[in-house]
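**Q** Below is coords-v8.pdb; it holds PDB, C-alpha atoms.
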```
ATOM      1  CA  MET A   1      -7.567   2.254 -12.966
ATOM      2  CA  GLU A   2      -9.018  -1.245 -13.465
ATOM      3  CA  ARG A   3      -7.625  -4.003 -11.273
ATOM      4  CA  SER A   4      -6.214  -5.995 -14.187
ATOM      5  CA  LYS A   5      -4.459  -2.930 -15.604
ATOM      6  CA  GLU A   6      -2.857  -2.168 -12.251
ATOM      7  CA  ILE A   7      -1.646  -5.766 -11.986
ATOM      8  CA  TYR A   8      -0.144  -5.475 -15.468
ATOM      9  CA  GLN A   9       1.579  -2.232 -14.473
ATOM     10  CA  VAL A  10       3.087  -3.761 -11.317
ATOM     11  CA  THR A  11       4.230  -6.842 -13.214
ATOM     12  CA  LEU A  12       5.758  -4.802 -16.039
ATOM     13  CA  VAL A  13       7.780  -2.750 -13.545
ATOM     14  CA  GLY A  14       9.179  -5.952 -12.055
ATOM     15  CA  GLY A  15       9.721  -7.424 -15.516
ATOM     16  CA  ALA A  16      11.740  -4.408 -16.680
ATOM     17  CA  ALA A  17      13.939  -4.624 -13.569
ATOM     18  CA  ASN A  18      14.438  -8.357 -14.155
ATOM     19  CA  VAL A  19      15.503  -7.907 -17.778
ATOM     20  CA  VAL A  20      18.209  -5.412 -16.802
ATOM     21  CA  LEU A  21      19.418  -7.508 -13.865
ATOM     22  CA  VAL A  22      19.462 -10.792 -15.813
ATOM     23  CA  LEU A  23      21.763  -9.323 -18.470
ATOM     24  CA  PHE A  24      24.011  -7.560 -15.963
ATOM     25  CA  LYS A  25      24.273 -10.587 -13.646
ATOM     26  CA  PHE A  26      25.124 -13.042 -16.414
ATOM     27  CA  VAL A  27      27.848 -10.734 -17.722
ATOM     28  CA  ALA A  28      29.167 -10.075 -14.212
ATOM     29  CA  GLY A  29      29.035 -13.765 -13.282
ATOM     30  CA  ILE A  30      30.875 -14.916 -16.382
ATOM     31  CA  LEU A  31      33.474 -12.134 -16.493
ATOM     32  CA  GLY A  32      33.804 -12.154 -12.698
ATOM     33  CA  HIS A  33      34.211 -15.970 -12.494
ATOM     34  CA  SER A  34      31.446 -16.309  -9.885
ATOM     35  CA  ALA A  35      29.253 -19.402  -9.705
ATOM     36  CA  ALA A  36      27.082 -17.687  -7.104
ATOM     37  CA  MET A  37      26.458 -14.741  -9.431
ATOM     38  CA  VAL A  38      25.567 -17.011 -12.359
ATOM     39  CA  ALA A  39      23.126 -18.846 -10.061
ATOM     40  CA  ASP A  40      21.711 -15.481  -9.017
ATOM     41  CA  ALA A  41      21.302 -14.569 -12.688
ATOM     42  CA  VAL A  42      19.339 -17.775 -13.269
ATOM     43  CA  HIS A  43      17.117 -16.845 -10.337
ATOM     44  CA  SER A  44      16.441 -13.428 -11.882
ATOM     45  CA  LEU A  45      15.660 -15.146 -15.183
ATOM     46  CA  SER A  46      13.051 -17.258 -13.380
ATOM     47  CA  ASP A  47      11.595 -14.005 -12.009
ATOM     48  CA  PHE A  48      11.225 -12.689 -15.535
ATOM     49  CA  LEU A  49       9.524 -15.873 -16.711
ATOM     50  CA  THR A  50       7.064 -15.764 -13.802
ATOM     51  CA  ASP A  51       6.260 -12.141 -14.685
ATOM     52  CA  ILE A  52       5.106 -13.432 -18.054
ATOM     53  CA  ILE A  53       3.029 -16.139 -16.351
ATOM     54  CA  VAL A  54       1.312 -13.533 -14.164
ATOM     55  CA  LEU A  55       0.470 -11.353 -17.170
ATOM     56  CA  VAL A  56      -1.081 -14.271 -19.032
ATOM     57  CA  PHE A  57      -3.059 -15.794 -16.150
ATOM     58  CA  VAL A  58      -4.344 -12.546 -14.650
ATOM     59  CA  ARG A  59      -5.868 -11.657 -18.024
ATOM     60  CA  ILE A  60      -7.657 -15.009 -18.010
ATOM     61  CA  SER A  61      -8.754 -14.723 -14.351
ATOM     62  CA  ASN A  62     -10.457 -11.382 -14.998
ATOM     63  CA  LYS A  63     -12.811 -12.820 -17.618
ATOM     64  CA  PRO A  64     -16.474 -12.659 -16.564
ATOM     65  CA  THR A  65     -18.517 -15.757 -15.782
ATOM     66  CA  ASP A  66     -19.656 -17.829 -18.737
ATOM     67  CA  LYS A  67     -21.504 -21.084 -19.440
ATOM     68  CA  SER A  68     -18.459 -23.222 -18.688
ATOM     69  CA  HIS A  69     -17.313 -21.204 -15.623
ATOM     70  CA  ASP A  70     -20.311 -20.305 -13.446
ATOM     71  CA  TYR A  71     -18.016 -19.120 -10.641
ATOM     72  CA  GLY A  72     -15.761 -17.074 -12.898
ATOM     73  CA  HIS A  73     -12.102 -17.627 -13.788
ATOM     74  CA  GLY A  74     -10.507 -16.593 -10.482
ATOM     75  CA  LYS A  75      -8.818 -19.966 -10.000
ATOM     76  CA  PHE A  76      -6.488 -19.159 -12.885
ATOM     77  CA  GLU A  77      -4.796 -16.573 -10.659
ATOM     78  CA  THR A  78      -4.303 -19.234  -7.984
ATOM     79  CA  LEU A  79      -2.927 -21.545 -10.668
ATOM     80  CA  ALA A  80      -0.443 -18.801 -11.613
ATOM     81  CA  MET A  81       0.764 -18.627  -8.001
ATOM     82  CA  THR A  82       1.213 -22.404  -7.960
ATOM     83  CA  ILE A  83       3.220 -22.355 -11.192
ATOM     84  CA  ILE A  84       5.413 -19.590  -9.762
ATOM     85  CA  GLY A  85       6.046 -21.766  -6.702
ATOM     86  CA  LEU A  86       6.995 -24.728  -8.890
ATOM     87  CA  ALA A  87       9.336 -22.580 -10.990
ATOM     88  CA  LEU A  88      10.947 -21.175  -7.860
ATOM     89  CA  LEU A  89      11.397 -24.675  -6.401
ATOM     90  CA  GLY A  90      13.042 -25.913  -9.604
ATOM     91  CA  VAL A  91      15.465 -22.981  -9.655
ATOM     92  CA  ALA A  92      16.287 -23.453  -5.957
ATOM     93  CA  ILE A  93      17.078 -27.157  -6.384
ATOM     94  CA  GLY A  94      19.347 -26.328  -9.327
ATOM     95  CA  ILE A  95      21.192 -23.672  -7.304
ATOM     96  CA  VAL A  96      21.704 -25.991  -4.325
ATOM     97  CA  TYR A  97      22.881 -28.882  -6.503
ATOM     98  CA  GLY A  98      25.333 -26.747  -8.481
ATOM     99  CA  GLY A  99      26.780 -25.228  -5.311
ATOM    100  CA  LEU A 100      27.176 -28.602  -3.611
ATOM    101  CA  MET A 101      29.039 -30.010  -6.615
ATOM    102  CA  LYS A 102      31.535 -27.141  -6.470
ATOM    103  CA  ILE A 103      31.997 -27.597  -2.715
ATOM    104  CA  VAL A 104      32.646 -31.326  -3.199
ATOM    105  CA  GLY A 105      35.183 -30.480  -5.897
ATOM    106  CA  TRP A 106      36.900 -28.011  -3.585
ATOM    107  CA  PHE A 107      37.205 -30.664  -0.854
ATOM    108  CA  HIS A 108      38.889 -32.931  -3.407
ATOM    109  CA  GLY A 109      41.493 -30.308  -4.193
ATOM    110  CA  GLU A 110      39.860 -28.518  -7.095
ATOM    111  CA  GLN A 111      40.930 -24.870  -7.365
ATOM    112  CA  LEU A 112      37.944 -22.575  -7.573
ATOM    113  CA  PRO A 113      38.501 -19.269  -9.378
ATOM    114  CA  ALA A 114      38.279 -16.178  -7.188
ATOM    115  CA  PRO A 115      35.330 -13.968  -8.184
ATOM    116  CA  GLY A 116      35.988 -10.425  -9.380
ATOM    117  CA  MET A 117      34.766  -7.088  -8.047
ATOM    118  CA  LEU A 118      32.318  -6.770 -10.945
ATOM    119  CA  ALA A 119      30.375  -9.732  -9.536
ATOM    120  CA  LEU A 120      30.283  -8.116  -6.074
ATOM    121  CA  TRP A 121      28.953  -4.806  -7.420
ATOM    122  CA  ALA A 122      26.316  -6.665  -9.444
ATOM    123  CA  ALA A 123      25.131  -8.485  -6.306
ATOM    124  CA  LEU A 124      24.902  -5.253  -4.282
ATOM    125  CA  LEU A 125      22.992  -3.487  -7.059
ATOM    126  CA  SER A 126      20.576  -6.415  -7.282
ATOM    127  CA  VAL A 127      19.850  -6.276  -3.540
ATOM    128  CA  VAL A 128      18.832  -2.612  -3.763
ATOM    129  CA  VAL A 129      16.746  -2.953  -6.932
ATOM    130  CA  LYS A 130      14.933  -6.176  -5.998
ATOM    131  CA  GLU A 131      14.095  -5.039  -2.459
ATOM    132  CA  ALA A 132      12.599  -1.846  -3.883
ATOM    133  CA  VAL A 133      10.535  -3.833  -6.418
ATOM    134  CA  TYR A 134       9.410  -6.225  -3.642
ATOM    135  CA  ARG A 135       8.119  -3.381  -1.458
ATOM    136  CA  TYR A 136       6.325  -1.746  -4.384
ATOM    137  CA  SER A 137       4.760  -5.057  -5.476
ATOM    138  CA  MET A 138       3.655  -6.036  -1.956
ATOM    139  CA  VAL A 139       1.900  -2.696  -1.407
ATOM    140  CA  LYS A 140       0.051  -3.165  -4.696
ATOM    141  CA  ALA A 141      -0.744  -6.831  -3.926
ATOM    142  CA  ARG A 142      -2.507  -5.807  -0.703
ATOM    143  CA  GLN A 143      -4.344  -2.965  -2.397
ATOM    144  CA  LEU A 144      -5.494  -5.233  -5.227
ATOM    145  CA  ASN A 145      -5.942  -8.364  -3.074
ATOM    146  CA  SER A 146      -4.015 -10.359  -5.691
ATOM    147  CA  GLN A 147      -2.458 -13.728  -4.873
ATOM    148  CA  ALA A 148      -0.400 -13.738  -8.055
ATOM    149  CA  VAL A 149       1.091 -10.284  -7.428
ATOM    150  CA  GLU A 150       1.858 -11.236  -3.818
ATOM    151  CA  ALA A 151       3.562 -14.442  -4.955
ATOM    152  CA  ASN A 152       5.552 -12.494  -7.491
ATOM    153  CA  ALA A 153       6.502  -9.951  -4.808
ATOM    154  CA  TRP A 154       7.944 -12.751  -2.680
ATOM    155  CA  HIS A 155       9.801 -13.961  -5.727
ATOM    156  CA  HIS A 156      11.394 -10.501  -5.952
ATOM    157  CA  ARG A 157      12.302 -10.579  -2.265
ATOM    158  CA  SER A 158      13.792 -14.054  -2.568
ATOM    159  CA  ASP A 159      15.982 -12.654  -5.343
ATOM    160  CA  ALA A 160      17.018  -9.784  -3.037
ATOM    161  CA  PHE A 161      17.994 -12.284  -0.310
ATOM    162  CA  SER A 162      19.694 -14.429  -2.931
ATOM    163  CA  SER A 163      21.757 -11.447  -4.034
ATOM    164  CA  ALA A 164      22.555 -10.524  -0.414
ATOM    165  CA  GLY A 165      23.874 -14.023   0.256
ATOM    166  CA  THR A 166      25.715 -13.930  -3.032
ATOM    167  CA  ALA A 167      27.332 -10.607  -2.092
ATOM    168  CA  ILE A 168      28.506 -12.043   1.241
ATOM    169  CA  GLY A 169      29.942 -15.140  -0.418
ATOM    170  CA  ILE A 170      31.625 -13.212  -3.207
ATOM    171  CA  GLY A 171      32.983 -10.629  -0.750
ATOM    172  CA  ALA A 172      34.450 -13.341   1.491
ATOM    173  CA  ALA A 173      35.982 -15.141  -1.496
ATOM    174  CA  ILE A 174      37.542 -11.880  -2.721
ATOM    175  CA  PHE A 175      38.842 -10.397   0.512
ATOM    176  CA  LEU A 176      39.910 -13.573   2.372
ATOM    177  CA  GLY A 177      42.098 -14.839  -0.438
ATOM    178  CA  GLN A 178      42.320 -17.842  -2.785
ATOM    179  CA  ARG A 179      42.120 -20.328   0.075
ATOM    180  CA  TRP A 180      38.536 -19.302   0.822
ATOM    181  CA  THR A 181      37.041 -19.118  -2.649
ATOM    182  CA  VAL A 182      34.708 -21.928  -1.533
ATOM    183  CA  PHE A 183      32.578 -19.228   0.127
ATOM    184  CA  ASP A 184      31.200 -18.405  -3.315
ATOM    185  CA  PRO A 185      29.415 -21.786  -3.840
ATOM    186  CA  VAL A 186      28.616 -22.014  -0.100
ATOM    187  CA  ALA A 187      26.673 -18.769  -0.434
ATOM    188  CA  SER A 188      24.757 -20.137  -3.405
ATOM    189  CA  VAL A 189      23.737 -23.256  -1.418
ATOM    190  CA  ILE A 190      22.518 -21.221   1.575
ATOM    191  CA  VAL A 191      20.521 -18.926  -0.674
ATOM    192  CA  GLY A 192      19.091 -21.915  -2.549
ATOM    193  CA  ILE A 193      17.831 -23.480   0.698
ATOM    194  CA  PHE A 194      16.088 -20.223   1.615
ATOM    195  CA  ILE A 195      14.419 -20.121  -1.802
ATOM    196  CA  VAL A 196      13.189 -23.716  -1.327
ATOM    197  CA  LYS A 197      11.315 -22.597   1.802
ATOM    198  CA  VAL A 198       9.680 -19.675  -0.009
ATOM    199  CA  ALA A 199       8.681 -21.990  -2.867
ATOM    200  CA  PHE A 200       7.080 -24.515  -0.487
ATOM    201  CA  ASP A 201       5.097 -21.741   1.225
ATOM    202  CA  LEU A 202       3.706 -20.575  -2.129
ATOM    203  CA  LEU A 203       2.915 -24.136  -3.220
ATOM    204  CA  ARG A 204       1.170 -24.924   0.070
ATOM    205  CA  ARG A 205      -1.131 -21.927  -0.337
ATOM    206  CA  GLY A 206      -1.713 -22.402  -4.051
ATOM    207  CA  ILE A 207      -2.434 -26.125  -3.877
ATOM    208  CA  GLY A 208      -4.611 -25.591  -0.794
ATOM    209  CA  ASP A 209      -6.837 -23.142  -2.683
ATOM    210  CA  LEU A 210      -6.963 -25.336  -5.789
ATOM    211  CA  MET A 211      -8.035 -28.264  -3.580
ATOM    212  CA  GLU A 212     -10.884 -26.142  -2.115
ATOM    213  CA  GLN A 213      -9.214 -25.657   1.259
ATOM    214  CA  SER A 214     -11.428 -23.816   3.746
ATOM    215  CA  LEU A 215     -10.648 -20.270   4.806
ATOM    216  CA  PRO A 216      -8.771 -19.809   8.115
ATOM    217  CA  GLU A 217     -10.830 -20.549  11.230
ATOM    218  CA  VAL A 218     -10.578 -16.944  12.404
ATOM    219  CA  VAL A 219     -12.231 -15.769   9.165
ATOM    220  CA  GLU A 220     -15.007 -18.357   9.425
ATOM    221  CA  ASP A 221     -15.712 -17.378  13.049
ATOM    222  CA  GLU A 222     -15.932 -13.742  11.968
ATOM    223  CA  MET A 223     -18.425 -14.637   9.223
ATOM    224  CA  GLN A 224     -20.684 -16.385  11.713
ATOM    225  CA  ARG A 225     -20.523 -13.418  14.080
ATOM    226  CA  LEU A 226     -21.457 -11.058  11.257
ATOM    227  CA  ALA A 227     -24.451 -13.204  10.262
ATOM    228  CA  SER A 228     -25.634 -13.249  13.883
ATOM    229  CA  GLN A 229     -25.727  -9.434  13.910
ATOM    230  CA  VAL A 230     -28.769  -9.406  11.599
ATOM    231  CA  PRO A 231     -31.922  -9.013  13.771
ATOM    232  CA  GLY A 232     -33.966 -12.200  13.893
ATOM    233  CA  VAL A 233     -31.128 -14.425  12.653
ATOM    234  CA  VAL A 234     -29.841 -17.072  15.050
ATOM    235  CA  ASP A 235     -27.500 -20.051  14.981
ATOM    236  CA  PRO A 236     -25.540 -19.577  11.726
ATOM    237  CA  HIS A 237     -24.240 -23.079  10.967
ATOM    238  CA  SER A 238     -23.131 -25.529   8.237
ATOM    239  CA  LEU A 239     -20.630 -22.894   7.077
ATOM    240  CA  ARG A 240     -18.632 -23.798   3.980
ATOM    241  CA  THR A 241     -15.910 -21.495   2.632
ATOM    242  CA  ARG A 242     -13.198 -21.396  -0.017
ATOM    243  CA  ARG A 243     -11.274 -18.967  -2.173
ATOM    244  CA  ILE A 244     -11.987 -18.311  -5.840
ATOM    245  CA  GLY A 245      -8.954 -16.393  -7.011
ATOM    246  CA  ASN A 246      -8.874 -13.097  -5.129
ATOM    247  CA  HIS A 247     -12.302 -13.348  -3.476
ATOM    248  CA  TYR A 248     -14.236 -15.617  -1.107
ATOM    249  CA  ALA A 249     -17.078 -18.082  -1.661
ATOM    250  CA  VAL A 250     -19.391 -18.612   1.346
ATOM    251  CA  GLU A 251     -22.305 -20.967   1.952
ATOM    252  CA  LEU A 252     -24.118 -21.054   5.304
ATOM    253  CA  HIS A 253     -27.436 -21.936   6.961
ATOM    254  CA  ILE A 254     -29.328 -19.576   9.261
ATOM    255  CA  ARG A 255     -32.413 -20.003  11.445
ATOM    256  CA  VAL A 256     -35.282 -17.507  11.659
ATOM    257  CA  ASN A 257     -38.721 -17.462  13.263
ATOM    258  CA  GLY A 258     -40.800 -20.102  11.466
ATOM    259  CA  ASP A 259     -43.979 -18.004  11.722
ATOM    260  CA  ILE A 260     -42.759 -15.055   9.626
ATOM    261  CA  SER A 261     -43.642 -14.759   5.952
ATOM    262  CA  LEU A 262     -41.493 -16.084   3.129
ATOM    263  CA  ARG A 263     -40.795 -12.466   2.111
ATOM    264  CA  GLU A 264     -39.484 -11.602   5.590
ATOM    265  CA  ALA A 265     -37.298 -14.728   5.695
ATOM    266  CA  HIS A 266     -35.929 -13.874   2.263
ATOM    267  CA  ASP A 267     -35.172 -10.310   3.374
ATOM    268  CA  LYS A 268     -33.202 -11.537   6.374
ATOM    269  CA  ALA A 269     -31.148 -13.850   4.157
ATOM    270  CA  THR A 270     -30.509 -10.909   1.831
ATOM    271  CA  CYS A 271     -29.340  -8.811   4.795
ATOM    272  CA  VAL A 272     -26.830 -11.504   5.725
ATOM    273  CA  GLU A 273     -25.629 -11.654   2.126
ATOM    274  CA  LYS A 274     -25.202  -7.872   1.877
ATOM    275  CA  LEU A 275     -23.399  -7.698   5.217
ATOM    276  CA  LEU A 276     -20.861 -10.337   4.182
ATOM    277  CA  LYS A 277     -20.308  -8.672   0.803
ATOM    278  CA  LYS A 278     -19.840  -5.292   2.463
ATOM    279  CA  HIS A 279     -17.200  -6.786   4.744
ATOM    280  CA  TYR A 280     -15.347  -9.023   2.267
ATOM    281  CA  GLY A 281     -15.997  -7.319  -1.082
ATOM    282  CA  GLU A 282     -18.849  -7.153  -3.567
ATOM    283  CA  GLU A 283     -17.401 -10.074  -5.572
ATOM    284  CA  THR A 284     -17.837 -12.412  -2.599
ATOM    285  CA  HIS A 285     -20.044 -15.366  -3.595
ATOM    286  CA  VAL A 286     -22.653 -15.857  -0.841
ATOM    287  CA  VAL A 287     -25.393 -18.506  -0.605
ATOM    288  CA  VAL A 288     -27.697 -18.406   2.431
ATOM    289  CA  HIS A 289     -30.070 -21.269   3.269
ATOM    290  CA  VAL A 290     -32.956 -20.353   5.619
ATOM    291  CA  GLU A 291     -34.353 -22.819   8.183
ATOM    292  CA  PRO A 292     -37.197 -22.368  10.723
ATOM    293  CA  LYS A 293     -36.087 -21.769  14.297
ATOM    294  CA  GLU A 294     -37.146 -24.412  16.810
ATOM    295  CA  SER A 295     -39.803 -23.250  19.287
TER     296      SER A 295
END
```
So, in terms of structure tokens, how does the structure I just supplied come out?

**A**
Amino acid sequence: MERSKEIYQVTLVGGAANVVLVLFKFVAGILGHSAAMVADAVHSLSDFLTDIIVLVFVRISNKPTDKSHDYGHGKFETLAMTIIGLALLGVAIGIVYGGLMKIVGWFHGEQLPAPGMLALWAALLSVVVKEAVYRYSMVKARQLNSQAVEANAWHHRSDAFSSAGTAIGIGAAIFLGQRWTVFDPVASVIVGIFIVKVAFDLLRRGIGDLMEQSLPEVVEDEMQRLASQVPGVVDPHSLRTRRIGNHYAVELHIRVNGDISLREAHDKATCVEKLLKKHYGEETHVVVHVEPKES
């Protein structure tokens, strides 16, 4: 199956789960008088919207190179991950703010309604479903080497943790009595803070790639070691790296014996290129500059 089709399949599975959970959570939150469950429903709605974003941007990122995009359209997938991070951050801030307002009201004597059992069952069901979708999506993200699918997988897991916190808060509010109904909004605040962290992690990676951030030092060191394995090639240097969507772009200089023919020098550069592509994938963009070795 083509990579783009597999990404669509993974995303559609998550999207179908989100549609069911969004409807069930909103109903359970409203009928069960649970602010935490309504916040959890909003989080699931954001999951569904990011599924749509992934579908749109992955289609664009898989377009071949053209006159206006010599390096392809891979950055669109990174842009999708960044948008997902922004959406997740916005949802998290809304959850934290709403929960804090309810806690402040409770401290001022406001009576918070006790959530119902329907809200608790909805939270428990969401934990099971979203954790299963996370595991499925993460396996596929690693197989497909897709940033967008990985980001979406973490979005699913954040929803699972959100629902777990919601279940704890709702359970405490139900079983400890009316005096402790504040646990419901407290749970929503704790979950919201966790989601903020996940959102910042996604934004840091997405923005880093969009700003041409270099690959990790361990990867760059490995690239130089690989280039040095080609017979006659010494001192790989001036290495420049970055990500283009789901693959790497590499530029480096190598030194070879200055007395060999142009053909031989070209062949050694080609060997370096093939070795890097074999190790990091055929779509890796490699440029090798050859210099004469000092006597």

**Q** Given the file above and the PyMOL selection byres ((chain A and resi 44) around 10), which residues are selected, and can you give them as a PDB file with C-alpha atoms, in the frame of the given file?

**A**
```
ATOM      1  CA  GLY A  15       9.721  -7.424 -15.516  1.00  0.00           C
ATOM      2  CA  ALA A  17      13.939  -4.624 -13.569  1.00  0.00           C
ATOM      3  CA  ASN A  18      14.438  -8.357 -14.155  1.00  0.00           C
ATOM      4  CA  VAL A  19      15.503  -7.907 -17.778  1.00  0.00           C
ATOM      5  CA  VAL A  20      18.209  -5.412 -16.802  1.00  0.00           C
ATOM      6  CA  LEU A  21      19.418  -7.508 -13.865  1.00  0.00           C
ATOM      7  CA  VAL A  22      19.462 -10.792 -15.813  1.00  0.00           C
ATOM      8  CA  LEU A  23      21.763  -9.323 -18.470  1.00  0.00           C
ATOM      9  CA  LYS A  25      24.273 -10.587 -13.646  1.00  0.00           C
ATOM     10  CA  PHE A  26      25.124 -13.042 -16.414  1.00  0.00           C
ATOM     11  CA  VAL A  38      25.567 -17.011 -12.359  1.00  0.00           C
ATOM     12  CA  ALA A  39      23.126 -18.846 -10.061  1.00  0.00           C
ATOM     13  CA  ASP A  40      21.711 -15.481  -9.017  1.00  0.00           C
ATOM     14  CA  ALA A  41      21.302 -14.569 -12.688  1.00  0.00           C
ATOM     15  CA  VAL A  42      19.339 -17.775 -13.269  1.00  0.00           C
ATOM     16  CA  HIS A  43      17.117 -16.845 -10.337  1.00  0.00           C
ATOM     17  CA  LEU A  45      15.660 -15.146 -15.183  1.00  0.00           C
ATOM     18  CA  SER A  46      13.051 -17.258 -13.380  1.00  0.00           C
ATOM     19  CA  ASP A  47      11.595 -14.005 -12.009  1.00  0.00           C
ATOM     20  CA  PHE A  48      11.225 -12.689 -15.535  1.00  0.00           C
ATOM     21  CA  LEU A  49       9.524 -15.873 -16.711  1.00  0.00           C
ATOM     22  CA  THR A  50       7.064 -15.764 -13.802  1.00  0.00           C
ATOM     23  CA  VAL A  91      15.465 -22.981  -9.655  1.00  0.00           C
ATOM     24  CA  SER A 126      20.576  -6.415  -7.282  1.00  0.00           C
ATOM     25  CA  LYS A 130      14.933  -6.176  -5.998  1.00  0.00           C
ATOM     26  CA  HIS A 155       9.801 -13.961  -5.727  1.00  0.00           C
ATOM     27  CA  HIS A 156      11.394 -10.501  -5.952  1.00  0.00           C
ATOM     28  CA  SER A 158      13.792 -14.054  -2.568  1.00  0.00           C
ATOM     29  CA  ASP A 159      15.982 -12.654  -5.343  1.00  0.00           C
ATOM     30  CA  ALA A 160      17.018  -9.784  -3.037  1.00  0.00           C
ATOM     31  CA  SER A 162      19.694 -14.429  -2.931  1.00  0.00           C
ATOM     32  CA  SER A 163      21.757 -11.447  -4.034  1.00  0.00           C
TER      33      SER A 163
END
```

**Q** Going by the chain IDs and residue numbers used in this file, which residues fall under the PyMOL selection byres ((chain A and resi 230) around 12)? Write them as a PyMOL selection string.

**A** chain A and resi 223-229+231-236+254-256+265+267-276

**Q** List as a ChimeraX atom specification: which residues have an atom within 12 Å of (2.5, 0.5, -7.0), counting only C-alpha atoms?

**A** /A:1,3,5-14,132-144,149,153

**Q** Using only C-alpha atoms, find the one residue out of A:Pro185, A:Gly169, A:Pro115, A:Gly32 that sits nearest to Met101 in chain A.

**A**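 Answer, going by the shortest atom-to-atom distance: A:Pro185.
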
**Q** Go through A:Ile170, A:Ala92, A:Val56, A:Leu120 one by one, measure the shortest atom-to-atom distance of each to Phe194 in chain A using only C-alpha atoms, and give the residue with the smallest value.

**A**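 Of A:Ile170, A:Ala92, A:Val56, A:Leu120, the one nearest Phe194 in chain A, counting only C-alpha atoms, is A:Ala92.
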
**Q** Within 12 Å of (18.5, -27.1, -7.7) (coordinates as in the file), grab all the protein and nucleic acid residues, counting all atoms listed in the file, and write them out as a list in words.

**A** Ala39, Val42, His43, Leu86, Ala87, Leu88, Leu89, Gly90, Val91, Ala92, Ile93, Gly94, Ile95, Val96, Tyr97, Gly98, Gly99, Leu100, Met101, Ser188, Val189, Ile190, Val191, Gly192, Ile193, Phe194, Ile195 and Val196 of chain A

**Q** Might you pull out every residue within 9 Å of Val182 in chain A, with only C-alpha atoms counted and same-chain residues fewer than 6 positions away left off, and present them as an MDAnalysis selection string?

**A** chainID A and resid 102:103 106 112 114 169 173

**Q** Please evaluate the PyMOL selection byres ((chain A and resi 208) around 12) against the structure above and give the resulting residues as a compact mmCIF listing (two decimals) with C-alpha atoms, in the frame of the given file.

**A**
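Below you can see selection-v7.txt, which holds the result:
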```
# COMPACT_ATOMS: atom_id res chain seq x y z
CA LYS A 75 -8.82 -19.97 -10.00
CA THR A 78 -4.30 -19.23 -7.98
CA LEU A 79 -2.93 -21.54 -10.67
CA MET A 81 0.76 -18.63 -8.00
CA THR A 82 1.21 -22.40 -7.96
CA PHE A 200 7.08 -24.52 -0.49
CA ASP A 201 5.10 -21.74 1.23
CA LEU A 202 3.71 -20.58 -2.13
CA LEU A 203 2.92 -24.14 -3.22
CA ARG A 204 1.17 -24.92 0.07
CA ARG A 205 -1.13 -21.93 -0.34
CA GLY A 206 -1.71 -22.40 -4.05
CA ILE A 207 -2.43 -26.12 -3.88
CA ASP A 209 -6.84 -23.14 -2.68
CA LEU A 210 -6.96 -25.34 -5.79
CA MET A 211 -8.04 -28.26 -3.58
CA GLU A 212 -10.88 -26.14 -2.12
CA GLN A 213 -9.21 -25.66 1.26
CA SER A 214 -11.43 -23.82 3.75
CA LEU A 215 -10.65 -20.27 4.81
CA PRO A 216 -8.77 -19.81 8.12
CA ARG A 242 -13.20 -21.40 -0.02
CA ARG A 243 -11.27 -18.97 -2.17
CA ILE A 244 -11.99 -18.31 -5.84
CA GLY A 245 -8.95 -16.39 -7.01
```

**Q** To one decimal place in Å, what is the distance between CA of Gly171 in chain A and CA of Ala199 in chain A?

**A**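 Computed distance, CA of Gly171 in chain A to CA of Ala199 in chain A, equals 26.9 Å.
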